[in-house]
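The structure appears below as structure tokens.
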Amino acid sequence: MAEAAGDGGWPEPVVRVQALSESGAATIPDRYVRPETERPSSSSEANAVANINIPVVDMSSSPGTAAAAVAEACREWGFFQAVNHGVPAALLRRARGVWRGFFQQPMEVKQRYGNSPATYEGYGSRLGVDKGAILDWGDYYFLHVRPPHLLSPHKWPHLPPDLRETTTEYSEEVRRLCERLMAVMAVGLGVEEGRLQEAFGGGEGAGVCVRVNYYPRCPQPDLTLGLSSHSDPGGMTVLLVDDRVKGLQVRHTGAWVTVDPVPGAFIVNVGDQIQVVTNALYRSVEHRVVVNAAEERLSIATFYNPRSDLPVAPLPELVSPERPPLYSPMTFDDYRLYIRRNGPRGKSQVDRLAAAAATIPNSTTTTQ
Ligand code: OGA
Ligand code: NI
């Protein structure tokens, strides 16, 4: 990638959204103002359907019950909330606490970890390198956790002191949950329990990345988004959201549904790679984040991805003359490169790859 004039490979000097927010300005810079049709309360889209929420799945219910509930959620919504998932509540609190602690550090501490578009690891404030692009109202921290050769300890924050240990423990627990979810999703499809994991190259080579999103208070929340509409490019995402402050919206039958978080739950969603492996029986669905004037919001997304050098393709069991393969094999390395080049406003490759695109919902951006 050519080094553009600017800041660490970014096309323009990097502006921290947190600094904009803390400046106390009553208006947001033009760079964050979205066209009317993309604003949170755009009248061109059916909006904020009342009394409807993404499905809730009890992970402690009998294996058959959980598999059926997960399968229905992955087909109909691409999203569900997992409760009784087995990750201790105290660990969730600690993970949120250390990352709040990081974003509360003085700016000069955070700036030591400023990221670049080469790997995105570190402290970041934009996705994609389109000069002049409209930006999202959020900062983030992105890290590779697995496989071991992608772990770069020098890119992990040193403050607060217990951040590293807590993040390691947290991501390991979530990785184990992802392995369980892969098995449950496979059973729900009617294929053998280990098949999805096999299609991802087994457990050892699977990729785990963590993206901590920090959405500062915004003086004009109706004009902007914390994270613009996207589908997640990887396998699946396990998201820990703020129990109190809402913000995540999921596209469902043409409307944006605001997720009402169950305290202590994880929000699980299907990524593009599971859509490919399941030949679009399970769907990666567009989602976005709205911000608000009263409260900041923190979320921790753990991305579980296939081994990155393995061609990913629909499972043969899910292909038939009536349902031919919708995708040709592609490695996650190639897929991610495509998405990162195209940046937040690129159209998702998963739909471009589809031979029968008409049956697949559109996706627009990426966060990994
Ligand atoms: C993401 C994402 C949602 C949120 O990081 O990919 O969709 O609520 N985050 O922060
Ligand atoms: Ni996402």
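Residue numbering restarts at 1 for every chain of the structure tokens, chains are lettered A, B, ... in their displayed order, and ligands are numbered from 1 as they appear.
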* If you count only C-alpha atoms and all ligand atoms, which residues end up within 8 Å of ligand 2, as a PyMOL selection string? -> chain A and resi 230-232+237+286-288+301+366-367
* Find the spatial neighbours of Val238 in chain A, counting only C-alpha atoms, within a cut-off of 6 Å - ignore same-chain residues fewer than 2 positions away - and output them as a PyMOL selection string. => chain A and resi 267-268+301-302
Keeping C-alpha atoms, export the residues of the selection given above as an mmCIF file, in the first residue's frame.
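See selection.cif below for the written result:
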```
data_model
loop_
_atom_site.group_PDB
_atom_site.id
_atom_site.type_symbol
_atom_site.label_atom_id
_atom_site.label_comp_id
_atom_site.auth_asym_id
_atom_site.auth_seq_id
_atom_site.Cartn_x
_atom_site.Cartn_y
_atom_site.Cartn_z
ATOM 1 C CA ILE A 267 -24.669 -10.492 21.254
ATOM 2 C CA VAL A 268 -23.633 -13.069 18.673
ATOM 3 C CA ALA A 301 -16.249 -7.173 19.749
ATOM 4 C CA THR A 302 -14.409 -10.498 19.500
#
```
I'd like the contact shell of Asp260 in chain A - 12 Å cut-off, only C-alpha atoms, skipping same-chain residues fewer than 4 positions apart - returned as a PDB file with N, CA and C atoms, in the first residue's frame.
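Wrote it out as selection.pdb, contents follow:
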```pdb
ATOM      1  N   ALA A  48     -36.898   1.878  13.814  1.00  0.00           N
ATOM      2  CA  ALA A  48     -37.136   1.667  15.237  1.00  0.00           C
ATOM      3  C   ALA A  48     -38.478   0.987  15.526  1.00  0.00           C
ATOM      4  N   VAL A  49     -38.613  -0.231  15.027  1.00  0.00           N
ATOM      5  CA  VAL A  49     -39.842  -0.976  15.254  1.00  0.00           C
ATOM      6  C   VAL A  49     -39.984  -1.228  16.760  1.00  0.00           C
ATOM      7  N   ALA A  50     -41.105  -0.867  17.289  1.00  0.00           N
ATOM      8  CA  ALA A  50     -41.293  -1.003  18.738  1.00  0.00           C
ATOM      9  C   ALA A  50     -41.537  -2.461  19.118  1.00  0.00           C
ATOM     10  N   ASN A  51     -41.162  -2.807  20.336  1.00  0.00           N
ATOM     11  CA  ASN A  51     -41.466  -4.133  20.889  1.00  0.00           C
ATOM     12  C   ASN A  51     -40.960  -5.298  20.061  1.00  0.00           C
ATOM     13  N   ILE A  52     -39.888  -5.104  19.341  1.00  0.00           N
ATOM     14  CA  ILE A  52     -39.318  -6.246  18.639  1.00  0.00           C
ATOM     15  C   ILE A  52     -37.830  -6.234  18.932  1.00  0.00           C
ATOM     16  N   ASN A  53     -37.307  -7.400  19.229  1.00  0.00           N
ATOM     17  CA  ASN A  53     -35.910  -7.483  19.627  1.00  0.00           C
ATOM     18  C   ASN A  53     -35.308  -8.722  18.980  1.00  0.00           C
ATOM     19  N   ILE A  54     -33.978  -8.749  18.885  1.00  0.00           N
ATOM     20  CA  ILE A  54     -33.344  -9.943  18.340  1.00  0.00           C
ATOM     21  C   ILE A  54     -33.608 -11.121  19.289  1.00  0.00           C
ATOM     22  N   PRO A  55     -33.603 -12.372  18.757  1.00  0.00           N
ATOM     23  CA  PRO A  55     -33.914 -13.518  19.623  1.00  0.00           C
ATOM     24  C   PRO A  55     -32.912 -13.671  20.765  1.00  0.00           C
ATOM     25  N   VAL A  56     -33.399 -14.250  21.860  1.00  0.00           N
ATOM     26  CA  VAL A  56     -32.549 -14.551  23.010  1.00  0.00           C
ATOM     27  C   VAL A  56     -32.427 -16.080  23.091  1.00  0.00           C
ATOM     28  N   PHE A  80     -28.281 -12.971  17.535  1.00  0.00           N
ATOM     29  CA  PHE A  80     -29.052 -13.347  18.725  1.00  0.00           C
ATOM     30  C   PHE A  80     -28.296 -12.906  19.973  1.00  0.00           C
ATOM     31  N   GLN A  81     -28.994 -12.895  21.105  1.00  0.00           N
ATOM     32  CA  GLN A  81     -28.330 -12.645  22.388  1.00  0.00           C
ATOM     33  C   GLN A  81     -28.183 -13.990  23.072  1.00  0.00           C
ATOM     34  N   VAL A 241     -21.766  -5.650  24.944  1.00  0.00           N
ATOM     35  CA  VAL A 241     -22.189  -4.247  24.861  1.00  0.00           C
ATOM     36  C   VAL A 241     -22.384  -3.682  26.251  1.00  0.00           C
ATOM     37  N   ASP A 242     -22.561  -2.383  26.283  1.00  0.00           N
ATOM     38  CA  ASP A 242     -22.889  -1.689  27.508  1.00  0.00           C
ATOM     39  C   ASP A 242     -24.282  -2.154  27.943  1.00  0.00           C
ATOM     40  N   ASP A 243     -24.431  -2.540  29.194  1.00  0.00           N
ATOM     41  CA  ASP A 243     -25.736  -3.027  29.662  1.00  0.00           C
ATOM     42  C   ASP A 243     -26.782  -1.919  29.700  1.00  0.00           C
ATOM     43  N   ARG A 244     -26.328  -0.687  29.853  1.00  0.00           N
ATOM     44  CA  ARG A 244     -27.284   0.410  30.074  1.00  0.00           C
ATOM     45  C   ARG A 244     -27.524   1.251  28.823  1.00  0.00           C
ATOM     46  N   VAL A 245     -26.454   1.535  28.074  1.00  0.00           N
ATOM     47  CA  VAL A 245     -26.579   2.480  26.962  1.00  0.00           C
ATOM     48  C   VAL A 245     -26.805   1.716  25.660  1.00  0.00           C
ATOM     49  N   LYS A 246     -27.952   1.920  25.025  1.00  0.00           N
ATOM     50  CA  LYS A 246     -28.244   1.258  23.753  1.00  0.00           C
ATOM     51  C   LYS A 246     -27.513   1.968  22.631  1.00  0.00           C
ATOM     52  N   GLY A 247     -27.418   1.330  21.489  1.00  0.00           N
ATOM     53  CA  GLY A 247     -26.764   1.974  20.347  1.00  0.00           C
ATOM     54  C   GLY A 247     -26.726   1.078  19.118  1.00  0.00           C
ATOM     55  N   LEU A 248     -26.653  -0.245  19.334  1.00  0.00           N
ATOM     56  CA  LEU A 248     -26.564  -1.163  18.195  1.00  0.00           C
ATOM     57  C   LEU A 248     -27.925  -1.321  17.529  1.00  0.00           C
ATOM     58  N   GLN A 249     -27.935  -1.211  16.192  1.00  0.00           N
ATOM     59  CA  GLN A 249     -29.157  -1.445  15.414  1.00  0.00           C
ATOM     60  C   GLN A 249     -28.888  -2.507  14.359  1.00  0.00           C
ATOM     61  N   VAL A 250     -29.852  -3.384  14.165  1.00  0.00           N
ATOM     62  CA  VAL A 250     -29.727  -4.512  13.250  1.00  0.00           C
ATOM     63  C   VAL A 250     -30.802  -4.370  12.168  1.00  0.00           C
ATOM     64  N   ALA A 265     -25.530 -10.581  28.848  1.00  0.00           N
ATOM     65  CA  ALA A 265     -25.583 -11.439  27.652  1.00  0.00           C
ATOM     66  C   ALA A 265     -24.466 -11.068  26.686  1.00  0.00           C
ATOM     67  N   PHE A 266     -24.160 -11.972  25.760  1.00  0.00           N
ATOM     68  CA  PHE A 266     -23.343 -11.634  24.597  1.00  0.00           C
ATOM     69  C   PHE A 266     -24.272 -11.509  23.400  1.00  0.00           C
ATOM     70  N   ILE A 267     -23.956 -10.564  22.526  1.00  0.00           N
ATOM     71  CA  ILE A 267     -24.669 -10.492  21.254  1.00  0.00           C
ATOM     72  C   ILE A 267     -23.806 -11.229  20.236  1.00  0.00           C
TER      73      ILE A 267
END
```
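Checking A:Gly78, A:Gly138, A:Pro321, A:Pro106 one by one against Leu227 in chain A, counting only C-alpha atoms, you find the shortest gap at A:Gly138.
Excluding His158 in chain A itself and same-chain residues fewer than 4 positions from it, the residues having an atom within 12 Å of it are Val98, Trp99, Gly101, Phe102, Gln105, Val109, Lys110, Arg112, Tyr113, Gly122, Pro153, His154, Asp162, Leu163, Arg164, Glu165, Thr166 and Thr167 of chain A, counting only C-alpha atoms.
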Prev. selection, N, CA and C atoms, output as an mmCIF file, in the first residue's frame:
```cif
data_model
loop_
_atom_site.group_PDB
_atom_site.id
_atom_site.type_symbol
_atom_site.label_atom_id
_atom_site.label_comp_id
_atom_site.auth_asym_id
_atom_site.auth_seq_id
_atom_site.Cartn_x
_atom_site.Cartn_y
_atom_site.Cartn_z
ATOM 1 N N VAL A 98 -11.160 -2.486 32.356
ATOM 2 C CA VAL A 98 -9.794 -2.156 31.916
ATOM 3 C C VAL A 98 -9.828 -1.326 30.636
ATOM 4 N N TRP A 99 -10.787 -1.591 29.771
ATOM 5 C CA TRP A 99 -10.822 -0.831 28.512
ATOM 6 C C TRP A 99 -11.378 0.568 28.717
ATOM 7 N N GLY A 101 -10.725 2.100 31.342
ATOM 8 C CA GLY A 101 -9.508 2.676 31.914
ATOM 9 C C GLY A 101 -8.532 3.108 30.833
ATOM 10 N N PHE A 102 -8.418 2.332 29.766
ATOM 11 C CA PHE A 102 -7.524 2.748 28.683
ATOM 12 C C PHE A 102 -8.009 4.046 28.040
ATOM 13 N N GLN A 105 -7.157 7.207 29.779
ATOM 14 C CA GLN A 105 -5.755 7.644 29.902
ATOM 15 C C GLN A 105 -5.579 8.994 29.202
ATOM 16 N N VAL A 109 -0.716 9.181 26.200
ATOM 17 C CA VAL A 109 -0.526 7.744 26.426
ATOM 18 C C VAL A 109 -1.198 6.963 25.287
ATOM 19 N N LYS A 110 -2.421 7.330 24.979
ATOM 20 C CA LYS A 110 -3.145 6.608 23.914
ATOM 21 C C LYS A 110 -2.435 6.747 22.567
ATOM 22 N N ARG A 112 0.551 6.782 21.811
ATOM 23 C CA ARG A 112 1.696 5.870 21.621
ATOM 24 C C ARG A 112 1.287 4.625 20.834
ATOM 25 N N TYR A 113 0.014 4.336 20.855
ATOM 26 C CA TYR A 113 -0.455 3.095 20.221
ATOM 27 C C TYR A 113 -1.207 3.367 18.924
ATOM 28 N N GLY A 122 -3.958 -1.487 17.088
ATOM 29 C CA GLY A 122 -3.683 -0.319 17.905
ATOM 30 C C GLY A 122 -4.890 0.591 18.003
ATOM 31 N N PRO A 153 2.775 -8.426 21.231
ATOM 32 C CA PRO A 153 2.612 -7.839 22.575
ATOM 33 C C PRO A 153 2.936 -6.355 22.636
ATOM 34 N N HIS A 154 3.859 -5.872 21.805
ATOM 35 C CA HIS A 154 4.208 -4.438 21.890
ATOM 36 C C HIS A 154 3.059 -3.547 21.418
ATOM 37 N N ASP A 162 -3.540 -3.953 34.545
ATOM 38 C CA ASP A 162 -4.131 -5.291 34.418
ATOM 39 C C ASP A 162 -4.855 -5.505 33.088
ATOM 40 N N LEU A 163 -4.670 -4.586 32.130
ATOM 41 C CA LEU A 163 -5.380 -4.720 30.845
ATOM 42 C C LEU A 163 -4.954 -5.967 30.077
ATOM 43 N N ARG A 164 -3.656 -6.234 30.039
ATOM 44 C CA ARG A 164 -3.169 -7.334 29.219
ATOM 45 C C ARG A 164 -3.660 -8.683 29.739
ATOM 46 N N GLU A 165 -3.498 -8.854 31.043
ATOM 47 C CA GLU A 165 -3.896 -10.131 31.638
ATOM 48 C C GLU A 165 -5.400 -10.343 31.481
ATOM 49 N N THR A 166 -6.158 -9.287 31.745
ATOM 50 C CA THR A 166 -7.615 -9.398 31.663
ATOM 51 C C THR A 166 -8.055 -9.679 30.225
ATOM 52 N N THR A 167 -7.432 -8.989 29.261
ATOM 53 C CA THR A 167 -7.831 -9.176 27.862
ATOM 54 C C THR A 167 -7.469 -10.575 27.382
#
```
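Minimum distance to Ala294 in chain A across A:Pro311, A:Pro11, A:Pro88, A:Pro221 (counting only C-alpha atoms) occurs at A:Pro221.
Among the candidate residues A:Tyr32, A:Ser60, A:Arg96, A:Asp136, the one lying nearest to Ser228 in chain A is A:Asp136, with distances computed using only C-alpha atoms.
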* To do: Name the residues in contact with Leu181 in chain A at a cut-off of 12 Å, using only C-alpha atoms, excluding same-chain residues fewer than 6 positions from it; report them as an MDAnalysis selection string.
  => chainID A and resid 57:59 63 66:67 69:71 74 80 82 85 174:175 187:188 193:194 196:197 235:238 266 268:270 274 304
* Using only C-alpha atoms, which of A:Leu298, A:Val259, A:Val212, A:Ala73 sits nearest Leu189 in chain A? -> A:Ala73
* Members of range 282-340 of chain A assigned alpha helix (DSSP H) by DSSP, as a PyMOL selection string -> chain A and resi 332-340
* Hey, what does DSSP flag as strand (DSSP E or B) within range 22-140 of chain A? Can you give it to me as number ranges by chain? -> A: 47, 56-58, 79-83, 114, 122-124, 139-140
* **Pro325 in chain A surroundings by only C-alpha atoms, 10 Å radius, close-in-sequence under 5 positions cut, as a PyMOL selection string** => chain A and resi 276-280+313-316+318-320+354-356
Could those residues be written to a file, using N, CA and C atoms, as a PDB file, in the first residue's frame?
```pdb
ATOM      1  N   VAL A 276     -20.803 -17.833   3.773  1.00  0.00           N
ATOM      2  CA  VAL A 276     -20.217 -18.580   2.653  1.00  0.00           C
ATOM      3  C   VAL A 276     -20.264 -20.084   2.927  1.00  0.00           C
ATOM      4  N   VAL A 277     -19.783 -20.495   4.111  1.00  0.00           N
ATOM      5  CA  VAL A 277     -19.687 -21.930   4.417  1.00  0.00           C
ATOM      6  C   VAL A 277     -21.071 -22.587   4.439  1.00  0.00           C
ATOM      7  N   THR A 278     -22.073 -21.843   4.891  1.00  0.00           N
ATOM      8  CA  THR A 278     -23.427 -22.417   4.965  1.00  0.00           C
ATOM      9  C   THR A 278     -24.205 -22.200   3.663  1.00  0.00           C
ATOM     10  N   ASN A 279     -23.509 -21.708   2.645  1.00  0.00           N
ATOM     11  CA  ASN A 279     -24.165 -21.440   1.354  1.00  0.00           C
ATOM     12  C   ASN A 279     -25.390 -20.541   1.552  1.00  0.00           C
ATOM     13  N   ALA A 280     -25.215 -19.567   2.440  1.00  0.00           N
ATOM     14  CA  ALA A 280     -26.218 -18.518   2.723  1.00  0.00           C
ATOM     15  C   ALA A 280     -27.463 -19.024   3.451  1.00  0.00           C
ATOM     16  N   ALA A 313     -15.222 -22.236   1.373  1.00  0.00           N
ATOM     17  CA  ALA A 313     -16.241 -22.489   0.340  1.00  0.00           C
ATOM     18  C   ALA A 313     -17.456 -23.153   0.990  1.00  0.00           C
ATOM     19  N   PRO A 314     -18.607 -23.146   0.317  1.00  0.00           N
ATOM     20  CA  PRO A 314     -19.785 -23.815   0.890  1.00  0.00           C
ATOM     21  C   PRO A 314     -19.523 -25.297   1.179  1.00  0.00           C
ATOM     22  N   LEU A 315     -20.077 -25.793   2.305  1.00  0.00           N
ATOM     23  CA  LEU A 315     -19.960 -27.218   2.633  1.00  0.00           C
ATOM     24  C   LEU A 315     -20.676 -28.037   1.563  1.00  0.00           C
ATOM     25  N   PRO A 316     -20.042 -29.129   1.101  1.00  0.00           N
ATOM     26  CA  PRO A 316     -20.691 -29.954   0.064  1.00  0.00           C
ATOM     27  C   PRO A 316     -22.087 -30.439   0.474  1.00  0.00           C
ATOM     28  N   LEU A 318     -24.299 -28.896   1.882  1.00  0.00           N
ATOM     29  CA  LEU A 318     -25.303 -27.830   1.783  1.00  0.00           C
ATOM     30  C   LEU A 318     -25.486 -27.356   0.340  1.00  0.00           C
ATOM     31  N   VAL A 319     -24.899 -28.142  -0.568  1.00  0.00           N
ATOM     32  CA  VAL A 319     -24.986 -27.806  -1.990  1.00  0.00           C
ATOM     33  C   VAL A 319     -25.770 -28.913  -2.680  1.00  0.00           C
ATOM     34  N   SER A 320     -26.651 -28.561  -3.579  1.00  0.00           N
ATOM     35  CA  SER A 320     -27.447 -29.561  -4.305  1.00  0.00           C
ATOM     36  C   SER A 320     -27.797 -28.964  -5.658  1.00  0.00           C
ATOM     37  N   ALA A 354     -21.510 -13.759  -4.829  1.00  0.00           N
ATOM     38  CA  ALA A 354     -22.665 -14.637  -4.969  1.00  0.00           C
ATOM     39  C   ALA A 354     -23.118 -14.720  -6.417  1.00  0.00           C
ATOM     40  N   ALA A 355     -23.280 -15.955  -6.871  1.00  0.00           N
ATOM     41  CA  ALA A 355     -23.752 -16.145  -8.230  1.00  0.00           C
ATOM     42  C   ALA A 355     -25.207 -15.711  -8.334  1.00  0.00           C
ATOM     43  N   ALA A 356     -25.946 -15.888  -7.244  1.00  0.00           N
ATOM     44  CA  ALA A 356     -27.361 -15.531  -7.254  1.00  0.00           C
ATOM     45  C   ALA A 356     -27.576 -14.388  -6.277  1.00  0.00           C
TER      46      ALA A 356
END
```
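Counting only C-alpha atoms and comparing A:Arg283, A:Leu177, A:Leu240, A:Tyr141, the residue that lies closest to Gly86 in chain A is A:Leu177.
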* Would you mind listing what lies within 12 Å of Arg176 in chain A as a ChimeraX atom specification, with only C-alpha atoms counted and same-chain residues fewer than 3 positions away left out? => /A:85-87,169-173,179-183,203-204,206,208,238,302,304
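With distances taken over only C-alpha atoms and all ligand atoms, A:Val210 is the one residue among A:Ala68, A:Leu281, A:Val210, A:Val257 lying closest to ligand 1.
Relative to CA of Glu76 in chain A, CA of Thr253 in chain A is found at 9.3 Å.
For the pair atom 9 (N, counted along the ligand's line) of ligand 1 and CA of His144 in chain A, the interatomic distance is 16.4 Å.
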